Each structure stands twice: as C-alpha cells, then as structure tokens.
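One file, my_file-v4.csv, carrying CSV, N, CA and C atoms:
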chain,number,residue,atom,x,y,z
A,1,MET,N,139.7,59.3,60.7
A,1,MET,CA,139.6,60.7,61.1
A,1,MET,C,138.2,61.0,61.5
A,2,ALA,N,138.0,61.5,62.7
A,2,ALA,CA,136.6,61.9,63.2
A,2,ALA,C,136.1,63.1,62.5
A,3,LYS,N,134.8,63.1,62.3
A,3,LYS,CA,134.2,64.3,61.7
A,3,LYS,C,134.1,65.4,62.7
A,4,LYS,N,134.4,66.7,62.3
A,4,LYS,CA,134.3,67.8,63.2
A,4,LYS,C,132.8,68.1,63.5
A,5,LYS,N,132.5,68.2,64.8
A,5,LYS,CA,131.1,68.5,65.2
A,5,LYS,C,130.9,70.0,65.0
A,6,ARG,N,129.7,70.2,64.4
A,6,ARG,CA,129.3,71.6,64.2
A,6,ARG,C,128.3,72.0,65.2
A,7,GLY,N,128.2,73.3,65.5
A,7,GLY,CA,127.2,73.8,66.4
A,7,GLY,C,125.9,73.9,65.7
A,8,PRO,N,124.9,74.4,66.4
A,8,PRO,CA,123.6,74.5,65.8
A,8,PRO,C,123.6,75.6,64.7
A,9,ILE,N,122.7,75.3,63.7
A,9,ILE,CA,122.6,76.3,62.6
A,9,ILE,C,121.7,77.4,63.1
A,10,THR,N,122.2,78.6,63.1
A,10,THR,CA,121.5,79.8,63.6
A,10,THR,C,121.0,80.7,62.5
A,11,ASP,N,121.6,80.5,61.3
A,11,ASP,CA,121.2,81.4,60.1
A,11,ASP,C,120.0,80.7,59.4
A,12,PRO,N,118.9,81.4,59.4
A,12,PRO,CA,117.7,80.8,58.8
A,12,PRO,C,117.8,80.5,57.3
A,13,ILE,N,118.6,81.3,56.6
A,13,ILE,CA,118.8,81.0,55.1
A,13,ILE,C,119.6,79.7,55.0
A,14,VAL,N,120.7,79.5,55.8
A,14,VAL,CA,121.5,78.3,55.7
A,14,VAL,C,120.6,77.1,56.1
A,15,PHE,N,119.8,77.3,57.1
A,15,PHE,CA,118.9,76.2,57.5
A,15,PHE,C,117.9,75.8,56.4
A,16,ALA,N,117.3,76.9,55.8
A,16,ALA,CA,116.3,76.6,54.7
A,16,ALA,C,117.0,75.9,53.5
A,17,LYS,N,118.2,76.3,53.2
A,17,LYS,CA,118.9,75.7,52.1
A,17,LYS,C,119.2,74.2,52.4
A,18,LEU,N,119.6,73.9,53.6
A,18,LEU,CA,119.8,72.6,54.0
A,18,LEU,C,118.6,71.7,53.9
A,19,VAL,N,117.5,72.2,54.4
A,19,VAL,CA,116.2,71.5,54.3
A,19,VAL,C,115.8,71.3,52.8
A,20,LEU,N,115.9,72.3,52.0
A,20,LEU,CA,115.5,72.2,50.6
A,20,LEU,C,116.4,71.3,49.8
A,21,ARG,N,117.7,71.2,50.2
A,21,ARG,CA,118.6,70.2,49.5
A,21,ARG,C,118.1,68.8,49.7
A,22,GLY,N,117.7,68.5,51.0
A,22,GLY,CA,117.1,67.2,51.3
A,22,GLY,C,115.8,67.0,50.5
A,23,ALA,N,115.0,68.0,50.4
A,23,ALA,CA,113.7,67.8,49.7
A,23,ALA,C,114.0,67.6,48.2
A,24,SER,N,115.0,68.1,47.7
A,24,SER,CA,115.3,68.0,46.2
A,24,SER,C,115.6,66.5,45.9
A,25,LEU,N,116.0,65.7,46.9
A,25,LEU,CA,116.2,64.3,46.6
A,25,LEU,C,115.0,63.6,46.1
A,26,ARG,N,113.8,64.1,46.4
A,26,ARG,CA,112.5,63.6,46.0
A,26,ARG,C,111.9,64.3,44.8
A,27,TRP,N,112.6,65.3,44.2
A,27,TRP,CA,112.1,66.1,43.1
A,27,TRP,C,111.9,65.2,41.9
A,28,TYR,N,110.7,65.2,41.3
A,28,TYR,CA,110.4,64.4,40.2
A,28,TYR,C,111.4,64.4,39.0
A,29,ALA,N,111.9,65.5,38.7
A,29,ALA,CA,112.8,65.7,37.5
A,29,ALA,C,114.2,65.0,37.8
A,30,ARG,N,114.6,65.0,39.0
A,30,ARG,CA,115.9,64.3,39.4
A,30,ARG,C,115.7,62.8,39.1
A,31,ASN,N,114.6,62.3,39.6
A,31,ASN,CA,114.3,60.8,39.4
A,31,ASN,C,114.0,60.5,38.0
A,32,GLU,N,113.4,61.3,37.2
A,32,GLU,CA,113.1,61.1,35.8
A,32,GLU,C,114.3,61.0,35.0
A,33,ALA,N,115.3,61.9,35.4
A,33,ALA,CA,116.6,61.8,34.6
A,33,ALA,C,117.3,60.5,34.9
A,34,LEU,N,117.2,59.9,36.0
A,34,LEU,CA,117.8,58.6,36.3
A,34,LEU,C,117.1,57.5,35.5
A,35,VAL,N,115.8,57.6,35.4
A,35,VAL,CA,115.0,56.6,34.6
A,35,VAL,C,115.4,56.7,33.1
A,36,ARG,N,115.6,57.9,32.6
A,36,ARG,CA,116.1,58.1,31.2
A,36,ARG,C,117.4,57.5,31.0
A,37,GLN,N,118.3,57.4,32.0
A,37,GLN,CA,119.6,56.9,31.8
A,37,GLN,C,119.8,55.4,32.1
A,38,ARG,N,118.6,54.8,32.4
A,38,ARG,CA,118.6,53.3,32.7
A,38,ARG,C,118.8,52.5,31.4
A,39,VAL,N,119.8,51.6,31.5
A,39,VAL,CA,120.0,50.7,30.3
A,39,VAL,C,119.5,49.3,30.5
A,40,ASP,N,119.5,48.9,31.8
A,40,ASP,CA,119.1,47.5,32.1
A,40,ASP,C,118.7,47.6,33.6
A,41,ARG,N,118.2,46.5,34.1
A,41,ARG,CA,117.8,46.4,35.5
A,41,ARG,C,119.0,46.7,36.4
A,42,GLY,N,119.0,47.8,37.1
A,42,GLY,CA,120.1,48.2,38.1
A,42,GLY,C,121.3,48.7,37.4
A,43,LEU,N,121.2,49.0,36.1
A,43,LEU,CA,122.4,49.5,35.4
A,43,LEU,C,122.0,50.8,34.7
A,44,TYR,N,122.9,51.8,34.7
A,44,TYR,CA,122.7,53.1,34.2
A,44,TYR,C,123.9,53.6,33.4
A,45,ALA,N,123.7,54.5,32.4
A,45,ALA,CA,124.8,55.0,31.6
A,45,ALA,C,125.1,56.4,32.2
A,46,CYS,N,126.4,56.7,32.4
A,46,CYS,CA,126.8,58.0,32.8
A,46,CYS,C,126.5,58.9,31.6
A,47,ALA,N,126.0,60.1,31.9
A,47,ALA,CA,125.6,61.1,30.9
A,47,ALA,C,126.8,61.7,30.2
A,48,GLU,N,128.0,61.6,30.9
A,48,GLU,CA,129.2,62.2,30.3
A,48,GLU,C,130.0,61.2,29.5
A,49,CYS,N,130.4,60.1,30.1
A,49,CYS,CA,131.3,59.2,29.4
A,49,CYS,C,130.6,58.0,28.8
A,50,GLY,N,129.4,57.7,29.3
A,50,GLY,CA,128.6,56.6,28.8
A,50,GLY,C,128.9,55.3,29.4
A,51,LYS,N,129.8,55.3,30.4
A,51,LYS,CA,130.1,54.1,31.2
A,51,LYS,C,128.9,53.5,31.8
A,52,ILE,N,128.7,52.2,31.8
A,52,ILE,CA,127.5,51.6,32.4
A,52,ILE,C,127.9,51.2,33.8
A,53,VAL,N,127.2,51.7,34.8
A,53,VAL,CA,127.5,51.4,36.2
A,53,VAL,C,126.2,51.2,37.0
A,54,LYS,N,126.4,50.7,38.2
A,54,LYS,CA,125.3,50.5,39.1
A,54,LYS,C,124.9,51.9,39.7
A,55,LYS,N,123.7,52.1,40.2
A,55,LYS,CA,123.2,53.3,40.7
A,55,LYS,C,124.2,53.9,41.8
A,56,GLN,N,124.7,53.0,42.6
A,56,GLN,CA,125.6,53.4,43.7
A,56,GLN,C,126.8,54.2,43.2
A,57,TYR,N,127.2,54.0,42.0
A,57,TYR,CA,128.3,54.7,41.4
A,57,TYR,C,127.9,55.9,40.5
A,58,LEU,N,126.7,56.4,40.7
A,58,LEU,CA,126.2,57.6,40.0
A,58,LEU,C,125.9,58.7,41.0
A,59,GLN,N,126.1,59.9,40.5
A,59,GLN,CA,125.8,61.1,41.3
A,59,GLN,C,124.9,62.0,40.5
A,60,ALA,N,123.8,62.5,41.1
A,60,ALA,CA,122.9,63.4,40.5
A,60,ALA,C,123.7,64.8,40.3
A,61,ASP,N,123.4,65.4,39.1
A,61,ASP,CA,124.1,66.6,38.8
A,61,ASP,C,123.2,67.6,38.1
A,62,HIS,N,123.3,68.9,38.4
A,62,HIS,CA,122.6,69.9,37.7
A,62,HIS,C,123.5,70.3,36.5
A,63,ILE,N,123.0,70.3,35.3
A,63,ILE,CA,123.8,70.7,34.1
A,63,ILE,C,124.1,72.2,34.3
A,64,LYS,N,123.1,73.0,34.6
A,64,LYS,CA,123.4,74.4,34.9
A,64,LYS,C,123.5,74.4,36.4
A,65,PRO,N,124.6,74.8,37.0
A,65,PRO,CA,124.8,74.7,38.4
A,65,PRO,C,123.8,75.6,39.2
A,66,VAL,N,123.5,75.1,40.4
A,66,VAL,CA,122.6,75.8,41.3
A,66,VAL,C,123.1,77.2,41.7
A,67,VAL,N,124.4,77.3,41.9
A,67,VAL,CA,125.0,78.6,42.2
A,67,VAL,C,125.8,78.9,40.9
A,68,ASP,N,125.4,80.1,40.3
A,68,ASP,CA,126.0,80.5,39.1
A,68,ASP,C,127.5,80.7,39.2
A,69,LEU,N,128.3,80.2,38.2
A,69,LEU,CA,129.7,80.2,38.3
A,69,LEU,C,130.3,81.7,38.4
A,70,LYS,N,129.7,82.6,37.6
A,70,LYS,CA,130.2,83.9,37.5
A,70,LYS,C,129.5,84.8,38.5
A,71,ALA,N,128.2,84.8,38.7
A,71,ALA,CA,127.5,85.7,39.5
A,71,ALA,C,127.6,85.3,41.0
A,72,GLY,N,127.8,84.0,41.3
A,72,GLY,CA,127.8,83.5,42.7
A,72,GLY,C,126.4,83.4,43.2
A,73,ASP,N,126.2,83.6,44.5
A,73,ASP,CA,124.9,83.5,45.1
A,73,ASP,C,124.0,84.7,44.7
A,74,GLU,N,122.8,84.4,44.1
A,74,GLU,CA,121.9,85.4,43.5
A,74,GLU,C,120.7,85.5,44.4
A,75,GLY,N,120.7,85.0,45.6
A,75,GLY,CA,119.5,85.1,46.5
A,75,GLY,C,118.8,83.8,46.5
A,76,LEU,N,118.0,83.7,47.6
A,76,LEU,CA,117.3,82.4,47.9
A,76,LEU,C,116.3,82.0,46.8
A,77,GLU,N,115.5,83.0,46.2
A,77,GLU,CA,114.5,82.7,45.2
A,77,GLU,C,115.2,82.1,44.0
A,78,GLU,N,116.3,82.7,43.5
A,78,GLU,CA,117.0,82.1,42.3
A,78,GLU,C,117.6,80.8,42.6
A,79,TRP,N,118.1,80.6,43.8
A,79,TRP,CA,118.7,79.4,44.2
A,79,TRP,C,117.7,78.2,44.2
A,80,VAL,N,116.5,78.5,44.7
A,80,VAL,CA,115.4,77.5,44.7
A,80,VAL,C,115.0,77.1,43.3
A,81,LYS,N,114.9,78.2,42.4
A,81,LYS,CA,114.5,77.9,41.0
A,81,LYS,C,115.5,77.0,40.4
A,82,ARG,N,116.8,77.2,40.7
A,82,ARG,CA,117.9,76.4,40.0
A,82,ARG,C,118.0,75.0,40.7
A,83,LEU,N,117.6,74.9,41.9
A,83,LEU,CA,117.6,73.6,42.6
A,83,LEU,C,116.5,72.7,42.1
A,84,PHE,N,115.3,73.2,42.0
A,84,PHE,CA,114.2,72.5,41.5
A,84,PHE,C,113.9,72.8,40.1
A,85,THR,N,114.8,72.3,39.3
A,85,THR,CA,114.8,72.6,37.8
A,85,THR,C,114.1,71.5,37.0
A,86,PRO,N,113.7,71.7,35.8
A,86,PRO,CA,113.1,70.7,35.0
A,86,PRO,C,114.1,69.5,34.6
A,87,VAL,N,113.6,68.5,34.2
A,87,VAL,CA,114.4,67.2,33.9
A,87,VAL,C,115.5,67.5,32.9
A,88,GLU,N,115.3,68.4,32.0
A,88,GLU,CA,116.4,68.7,31.0
A,88,GLU,C,117.6,69.3,31.6
A,89,ASN,N,117.6,69.8,32.8
A,89,ASN,CA,118.8,70.3,33.5
A,89,ASN,C,119.4,69.3,34.5
A,90,TRP,N,118.9,68.1,34.5
A,90,TRP,CA,119.4,67.0,35.4
A,90,TRP,C,120.2,66.0,34.6
A,91,GLN,N,121.2,65.5,35.2
A,91,GLN,CA,121.9,64.3,34.6
A,91,GLN,C,122.6,63.6,35.7
A,92,TRP,N,122.9,62.3,35.4
A,92,TRP,CA,123.6,61.5,36.4
A,92,TRP,C,124.9,61.1,35.9
A,93,LEU,N,125.9,61.4,36.7
A,93,LEU,CA,127.3,61.2,36.3
A,93,LEU,C,128.0,60.1,37.1
A,94,CYS,N,128.9,59.4,36.6
A,94,CYS,CA,129.7,58.4,37.3
A,94,CYS,C,130.5,59.1,38.4
A,95,ASN,N,130.6,58.4,39.5
A,95,ASN,CA,131.4,58.9,40.6
A,95,ASN,C,131.8,57.8,41.5
A,96,PHE,N,133.1,57.6,41.7
A,96,PHE,CA,133.7,56.5,42.5
A,96,PHE,C,134.5,57.0,43.6
A,97,LYS,N,134.4,56.3,44.7
A,97,LYS,CA,135.2,56.7,45.9
A,97,LYS,C,136.4,55.7,46.1
A,98,LEU,N,137.6,56.2,46.0
A,98,LEU,CA,138.8,55.3,46.2
A,98,LEU,C,138.9,54.9,47.7
A,99,PRO,N,139.7,53.9,48.0
A,99,PRO,CA,139.9,53.5,49.4
A,99,PRO,C,140.4,54.7,50.3
A,100,ASP,N,141.2,55.6,49.7
A,100,ASP,CA,141.6,56.7,50.5
A,100,ASP,C,140.6,57.9,50.7
A,101,GLY,N,139.4,57.7,50.1
A,101,GLY,CA,138.4,58.7,50.2
A,101,GLY,C,138.3,59.6,49.0
A,102,THR,N,139.3,59.6,48.2
A,102,THR,CA,139.3,60.5,47.0
A,102,THR,C,138.2,60.1,46.0
A,103,GLN,N,137.5,61.1,45.5
A,103,GLN,CA,136.4,61.0,44.6
A,103,GLN,C,137.0,61.1,43.2
A,104,VAL,N,136.6,60.1,42.3
A,104,VAL,CA,137.0,60.2,40.9
A,104,VAL,C,135.8,59.9,40.0
A,105,GLY,N,135.9,60.3,38.8
A,105,GLY,CA,134.8,60.1,37.8
A,105,GLY,C,134.4,61.4,37.2
A,106,CYS,N,133.4,61.3,36.4
A,106,CYS,CA,132.9,62.5,35.7
A,106,CYS,C,132.3,63.5,36.6
A,107,HIS,N,131.6,63.1,37.7
A,107,HIS,CA,131.0,64.1,38.6
A,107,HIS,C,132.1,64.8,39.4
A,108,ALA,N,133.1,64.0,39.8
A,108,ALA,CA,134.2,64.6,40.6
A,108,ALA,C,135.0,65.6,39.7
A,109,ASN,N,135.2,65.3,38.4
A,109,ASN,CA,135.9,66.2,37.5
A,109,ASN,C,135.1,67.5,37.3
A,110,LYS,N,133.8,67.3,37.0
A,110,LYS,CA,132.9,68.5,36.8
A,110,LYS,C,132.9,69.4,38.0
A,111,THR,N,132.7,68.8,39.2
A,111,THR,CA,132.7,69.6,40.4
A,111,THR,C,134.0,70.4,40.6
A,112,LYS,N,135.1,69.7,40.3
A,112,LYS,CA,136.4,70.4,40.5
A,112,LYS,C,136.5,71.6,39.6
A,113,ILE,N,136.2,71.4,38.3
A,113,ILE,CA,136.2,72.5,37.3
A,113,ILE,C,135.3,73.6,37.7
A,114,GLU,N,134.1,73.3,38.2
A,114,GLU,CA,133.2,74.3,38.6
A,114,GLU,C,133.7,75.1,39.8
A,115,SER,N,134.3,74.4,40.7
A,115,SER,CA,134.8,75.1,41.9
A,115,SER,C,136.0,76.0,41.6
A,116,GLU,N,136.8,75.5,40.7
A,116,GLU,CA,138.0,76.4,40.2
A,116,GLU,C,137.5,77.6,39.5
A,117,LEU,N,136.5,77.4,38.6
A,117,LEU,CA,135.9,78.6,37.9
A,117,LEU,C,135.2,79.6,38.9
A,118,ARG,N,134.5,79.0,39.8
A,118,ARG,CA,133.8,79.9,40.8
A,118,ARG,C,134.9,80.7,41.6
A,119,SER,N,136.0,80.1,42.0
A,119,SER,CA,137.0,80.8,42.7
A,119,SER,C,137.7,81.8,41.8
A,120,PHE,N,137.9,81.5,40.6
A,120,PHE,CA,138.5,82.4,39.6
A,120,PHE,C,137.6,83.7,39.5
A,121,TYR,N,136.3,83.5,39.2
A,121,TYR,CA,135.4,84.6,39.1
A,121,TYR,C,135.3,85.4,40.4
A,122,LYS,N,135.3,84.8,41.5
A,122,LYS,CA,135.2,85.5,42.8
A,122,LYS,C,136.4,86.4,43.0
A,123,LYS,N,137.6,85.8,42.7
A,123,LYS,CA,138.9,86.6,42.8
A,123,LYS,C,138.9,87.8,41.8
A,124,LYS,N,138.4,87.5,40.6
A,124,LYS,CA,138.3,88.6,39.6
A,124,LYS,C,137.4,89.7,40.0
A,125,LYS,N,136.3,89.3,40.6
A,125,LYS,CA,135.3,90.3,41.1
A,125,LYS,C,135.9,91.2,42.2
A,126,LYS,N,136.7,90.6,43.1
A,126,LYS,CA,137.4,91.3,44.2
A,126,LYS,C,138.4,92.3,43.6
A,127,THR,N,139.1,91.9,42.6
A,127,THR,CA,140.2,92.8,42.0
A,127,THR,C,139.6,94.0,41.3
A,128,LYS,N,138.3,93.9,40.8
A,128,LYS,CA,137.7,95.0,40.1
A,128,LYS,C,137.2,96.1,41.1
A,129,LYS,N,137.0,95.7,42.4
A,129,LYS,CA,136.5,96.7,43.4
A,129,LYS,C,137.5,97.6,43.8
Written form, structure tokens:
Amino acid sequence: MAKKKRGPITDPIVFAKLVLRGASLRWYARNEALVRQRVDRGLYACAECGKIVKKQYLQADHIKPVVDLKAGDEGLEEWVKRLFTPVENWQWLCNFKLPDGTQVGCHANKTKIESELRSFYKKKKKTKK
C-alpha cells in the first residue's frame, strides 16, 4: 500500500513541532535513558517487562506524555517543556513489528491505552459544554 502524499505544511506551529520532534532524537536525556537500560553490548532491558532485546526492538517513550491525557494540547511552550524533559521522564520500551505491520509490545500497549484515554477525556469534555 502506497503512502498518501501530503501537501506542504502551512501551519507554523505544526511545522515547528515537526522540527522539534526531530531535534528531540538528539536530546541528552533520551540517550542517557538508553544507556541506563543497557545490560550488555547491543542489548537493553525493556523498562516495562524487563525483556532483553536489541536496540532495534526498543522505542523511546515519555513516562509523562508530551500531550496531557486529560487537558490535551496546552500550547507550544508546555509541549516543548514536556518533549525536552529530564532523564527521569524517559524510558525505552520493547516494540515489535509483525509481518502485517501491526505493532506489538510494551510501547504499542502503552500508546494504545494513552490514545483511548485521550479520546475518552476529549469526548467527556465535549459533553460538558
């Protein structure tokens, strides 16, 4: 299945977030968290289940999500503070891609739960208005 081509990004906030996400890959705390989970050369422990895996099967994760589950988007400044967070808020979780493209593992499970909670709170907010 071919990826859908997107047009140019015209919203400056969306563009800034995209650039900052890329920059966060080099954030010291993200990499320090990986070093802390290293158990042997090329092997790391999943912060959730403890499974020992190669780095290719790990996914960086913010313990406290970048976008708050209840409040949602709280503005660019808060988003940046949560993206570039100290090492204590970073963890690496196992994440595997099945042949059909389905993601499984601790990171996939956490992401699914957070998405469902975010949707729940968003719907709850709409019904209060």
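Our summary of the geometry notes that atom N of Arg36 (chain A) is positioned 13.9 Å from atom C of Gly50 (chain A).
For the pair CA of Glu77 (chain A) and atom C of Arg118 (chain A), the separation is 20.8 Å.
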Got a sec: who's within 8 Å of Arg21 (chain A), counting only C-alpha atoms, leaving out chain neighbours fewer than 4 positions off, as a PyMOL selection string? chain A and resi 17+25+83
Interatomic distance (Å, one decimal) between CA of Leu18 (chain A) and CA of Lys5 (chain A): 16.4 Å
DSSP-assigned alpha helix (DSSP H) members of region 89-127 of chain A, reported as JSON, numbers by chain: {"A": [106, 107, 108, 109, 110, 111, 112, 113, 114, 115, 116, 117, 118, 119, 120, 121, 122, 123, 124, 125, 126, 127]}
Shell around Arg30 (chain A) at 8 Å using only N, CA and C atoms, local window under 5 positions removed, as a ChimeraX atom specification: /A:24-25,35,60-61,84-91
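If you measure from each of A:Val66, A:Cys94, A:Ile9, A:Leu117 to Ile52 (chain A) using only C-alpha atoms, the closest one turns out to be A:Cys94.
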May I ask which of the residues A:Ala47, A:Ala23, A:Val104, A:Ile13 is the closest one to His62 (chain A), counting only C-alpha atoms? A:Ala47
Residue nearest Lys97 (chain A) among A:Pro65, A:Arg82, A:Tyr57, A:Leu76 (counting only N, CA and C atoms): A:Tyr57
Enumerate, as a PyMOL selection string, the complete set of residues in region 22-60 of chain A that a backbone-based DSSP assignment places in strand (DSSP E or B). chain A and resi 38-40+43-45+52-54+58-60
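Minimum atom-to-atom distances from A:Leu93, A:Ala16, A:Ala33, A:Ile63 to Cys46 (chain A) were compared using only C-alpha atoms, and the lowest value belongs to A:Leu93.
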Write region 85-96 of chain A as a PDB file, in the frame of the given file, completed to all heavy atoms.
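So selection_20.pdb came out as:
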ATOM      1  N   THR A  85     114.800  72.300  39.300  1.00  0.00           N
ATOM      2  CA  THR A  85     114.800  72.600  37.800  1.00  0.00           C
ATOM      3  C   THR A  85     114.100  71.500  37.000  1.00  0.00           C
ATOM      4  O   THR A  85     114.033  70.344  37.515  1.00  0.00           O
ATOM      5  CB  THR A  85     116.257  72.849  37.419  1.00  0.00           C
ATOM      6  OG1 THR A  85     116.311  73.327  36.108  1.00  0.00           O
ATOM      7  CG2 THR A  85     117.090  71.603  37.520  1.00  0.00           C
ATOM      8  N   PRO A  86     113.700  71.700  35.800  1.00  0.00           N
ATOM      9  CA  PRO A  86     113.100  70.700  35.000  1.00  0.00           C
ATOM     10  C   PRO A  86     114.100  69.500  34.600  1.00  0.00           C
ATOM     11  O   PRO A  86     115.335  69.704  34.781  1.00  0.00           O
ATOM     12  CB  PRO A  86     112.732  71.408  33.665  1.00  0.00           C
ATOM     13  CG  PRO A  86     112.746  72.853  34.000  1.00  0.00           C
ATOM     14  CD  PRO A  86     113.710  73.029  35.121  1.00  0.00           C
ATOM     15  N   VAL A  87     113.600  68.500  34.200  1.00  0.00           N
ATOM     16  CA  VAL A  87     114.400  67.200  33.900  1.00  0.00           C
ATOM     17  C   VAL A  87     115.500  67.500  32.900  1.00  0.00           C
ATOM     18  O   VAL A  87     116.564  66.882  32.974  1.00  0.00           O
ATOM     19  CB  VAL A  87     113.471  66.076  33.422  1.00  0.00           C
ATOM     20  CG1 VAL A  87     112.877  66.354  32.060  1.00  0.00           C
ATOM     21  CG2 VAL A  87     114.225  64.763  33.445  1.00  0.00           C
ATOM     22  N   GLU A  88     115.300  68.400  32.000  1.00  0.00           N
ATOM     23  CA  GLU A  88     116.400  68.700  31.000  1.00  0.00           C
ATOM     24  C   GLU A  88     117.600  69.300  31.600  1.00  0.00           C
ATOM     25  O   GLU A  88     118.690  69.270  30.958  1.00  0.00           O
ATOM     26  CB  GLU A  88     115.836  69.753  29.938  1.00  0.00           C
ATOM     27  CG  GLU A  88     114.693  69.257  29.099  1.00  0.00           C
ATOM     28  CD  GLU A  88     113.346  69.280  29.830  1.00  0.00           C
ATOM     29  OE1 GLU A  88     113.160  70.096  30.754  1.00  0.00           O
ATOM     30  OE2 GLU A  88     112.488  68.449  29.485  1.00  0.00           O
ATOM     31  N   ASN A  89     117.600  69.800  32.800  1.00  0.00           N
ATOM     32  CA  ASN A  89     118.800  70.300  33.500  1.00  0.00           C
ATOM     33  C   ASN A  89     119.400  69.300  34.500  1.00  0.00           C
ATOM     34  O   ASN A  89     120.312  69.625  35.180  1.00  0.00           O
ATOM     35  CB  ASN A  89     118.435  71.604  34.215  1.00  0.00           C
ATOM     36  CG  ASN A  89     119.685  72.323  34.688  1.00  0.00           C
ATOM     37  OD1 ASN A  89     120.656  72.446  33.946  1.00  0.00           O
ATOM     38  ND2 ASN A  89     119.683  72.764  35.921  1.00  0.00           N
ATOM     39  N   TRP A  90     118.900  68.100  34.500  1.00  0.00           N
ATOM     40  CA  TRP A  90     119.400  67.000  35.400  1.00  0.00           C
ATOM     41  C   TRP A  90     120.200  66.000  34.600  1.00  0.00           C
ATOM     42  O   TRP A  90     119.767  65.639  33.461  1.00  0.00           O
ATOM     43  CB  TRP A  90     118.312  66.344  36.141  1.00  0.00           C
ATOM     44  CG  TRP A  90     117.743  67.136  37.262  1.00  0.00           C
ATOM     45  CD1 TRP A  90     116.660  67.970  37.195  1.00  0.00           C
ATOM     46  CD2 TRP A  90     118.199  67.190  38.604  1.00  0.00           C
ATOM     47  NE1 TRP A  90     116.423  68.525  38.417  1.00  0.00           N
ATOM     48  CE2 TRP A  90     117.349  68.062  39.311  1.00  0.00           C
ATOM     49  CE3 TRP A  90     119.248  66.581  39.290  1.00  0.00           C
ATOM     50  CZ2 TRP A  90     117.514  68.341  40.657  1.00  0.00           C
ATOM     51  CZ3 TRP A  90     119.411  66.856  40.640  1.00  0.00           C
ATOM     52  CH2 TRP A  90     118.556  67.719  41.308  1.00  0.00           C
ATOM     53  N   GLN A  91     121.200  65.500  35.200  1.00  0.00           N
ATOM     54  CA  GLN A  91     121.900  64.300  34.600  1.00  0.00           C
ATOM     55  C   GLN A  91     122.600  63.600  35.700  1.00  0.00           C
ATOM     56  O   GLN A  91     122.716  64.065  36.823  1.00  0.00           O
ATOM     57  CB  GLN A  91     123.031  64.821  33.605  1.00  0.00           C
ATOM     58  CG  GLN A  91     124.129  65.647  34.251  1.00  0.00           C
ATOM     59  CD  GLN A  91     125.137  66.168  33.245  1.00  0.00           C
ATOM     60  OE1 GLN A  91     125.152  65.749  32.095  1.00  0.00           O
ATOM     61  NE2 GLN A  91     125.989  67.075  33.665  1.00  0.00           N
ATOM     62  N   TRP A  92     122.900  62.300  35.400  1.00  0.00           N
ATOM     63  CA  TRP A  92     123.600  61.500  36.400  1.00  0.00           C
ATOM     64  C   TRP A  92     124.900  61.100  35.900  1.00  0.00           C
ATOM     65  O   TRP A  92     125.068  60.695  34.742  1.00  0.00           O
ATOM     66  CB  TRP A  92     122.735  60.207  36.693  1.00  0.00           C
ATOM     67  CG  TRP A  92     121.506  60.489  37.482  1.00  0.00           C
ATOM     68  CD1 TRP A  92     120.346  61.053  37.025  1.00  0.00           C
ATOM     69  CD2 TRP A  92     121.318  60.267  38.870  1.00  0.00           C
ATOM     70  NE1 TRP A  92     119.444  61.182  38.048  1.00  0.00           N
ATOM     71  CE2 TRP A  92     120.015  60.693  39.202  1.00  0.00           C
ATOM     72  CE3 TRP A  92     122.111  59.740  39.883  1.00  0.00           C
ATOM     73  CZ2 TRP A  92     119.505  60.606  40.491  1.00  0.00           C
ATOM     74  CZ3 TRP A  92     121.595  59.645  41.164  1.00  0.00           C
ATOM     75  CH2 TRP A  92     120.313  60.086  41.457  1.00  0.00           C
ATOM     76  N   LEU A  93     125.900  61.400  36.700  1.00  0.00           N
ATOM     77  CA  LEU A  93     127.300  61.200  36.300  1.00  0.00           C
ATOM     78  C   LEU A  93     128.000  60.100  37.100  1.00  0.00           C
ATOM     79  O   LEU A  93     127.688  60.038  38.342  1.00  0.00           O
ATOM     80  CB  LEU A  93     128.119  62.513  36.386  1.00  0.00           C
ATOM     81  CG  LEU A  93     127.589  63.693  35.570  1.00  0.00           C
ATOM     82  CD1 LEU A  93     128.397  64.945  35.869  1.00  0.00           C
ATOM     83  CD2 LEU A  93     127.599  63.388  34.085  1.00  0.00           C
ATOM     84  N   CYS A  94     128.900  59.400  36.600  1.00  0.00           N
ATOM     85  CA  CYS A  94     129.700  58.400  37.300  1.00  0.00           C
ATOM     86  C   CYS A  94     130.500  59.100  38.400  1.00  0.00           C
ATOM     87  O   CYS A  94     131.021  60.199  38.206  1.00  0.00           O
ATOM     88  CB  CYS A  94     130.492  57.498  36.434  1.00  0.00           C
ATOM     89  SG  CYS A  94     131.820  58.301  35.518  1.00  0.00           S
ATOM     90  N   ASN A  95     130.600  58.400  39.500  1.00  0.00           N
ATOM     91  CA  ASN A  95     131.400  58.900  40.600  1.00  0.00           C
ATOM     92  C   ASN A  95     131.800  57.800  41.500  1.00  0.00           C
ATOM     93  O   ASN A  95     131.014  57.001  41.986  1.00  0.00           O
ATOM     94  CB  ASN A  95     130.568  59.926  41.468  1.00  0.00           C
ATOM     95  CG  ASN A  95     131.419  60.857  42.294  1.00  0.00           C
ATOM     96  OD1 ASN A  95     132.285  61.520  41.763  1.00  0.00           O
ATOM     97  ND2 ASN A  95     131.177  60.895  43.586  1.00  0.00           N
ATOM     98  N   PHE A  96     133.100  57.600  41.700  1.00  0.00           N
ATOM     99  CA  PHE A  96     133.700  56.500  42.500  1.00  0.00           C
ATOM    100  C   PHE A  96     134.500  57.000  43.600  1.00  0.00           C
ATOM    101  O   PHE A  96     135.220  58.006  43.478  1.00  0.00           O
ATOM    102  CB  PHE A  96     134.558  55.607  41.554  1.00  0.00           C
ATOM    103  CG  PHE A  96     133.866  55.151  40.305  1.00  0.00           C
ATOM    104  CD1 PHE A  96     133.987  55.867  39.126  1.00  0.00           C
ATOM    105  CD2 PHE A  96     133.069  54.023  40.310  1.00  0.00           C
ATOM    106  CE1 PHE A  96     133.347  55.461  37.966  1.00  0.00           C
ATOM    107  CE2 PHE A  96     132.418  53.602  39.155  1.00  0.00           C
ATOM    108  CZ  PHE A  96     132.558  54.318  37.982  1.00  0.00           C
TER     109      PHE A  96
END
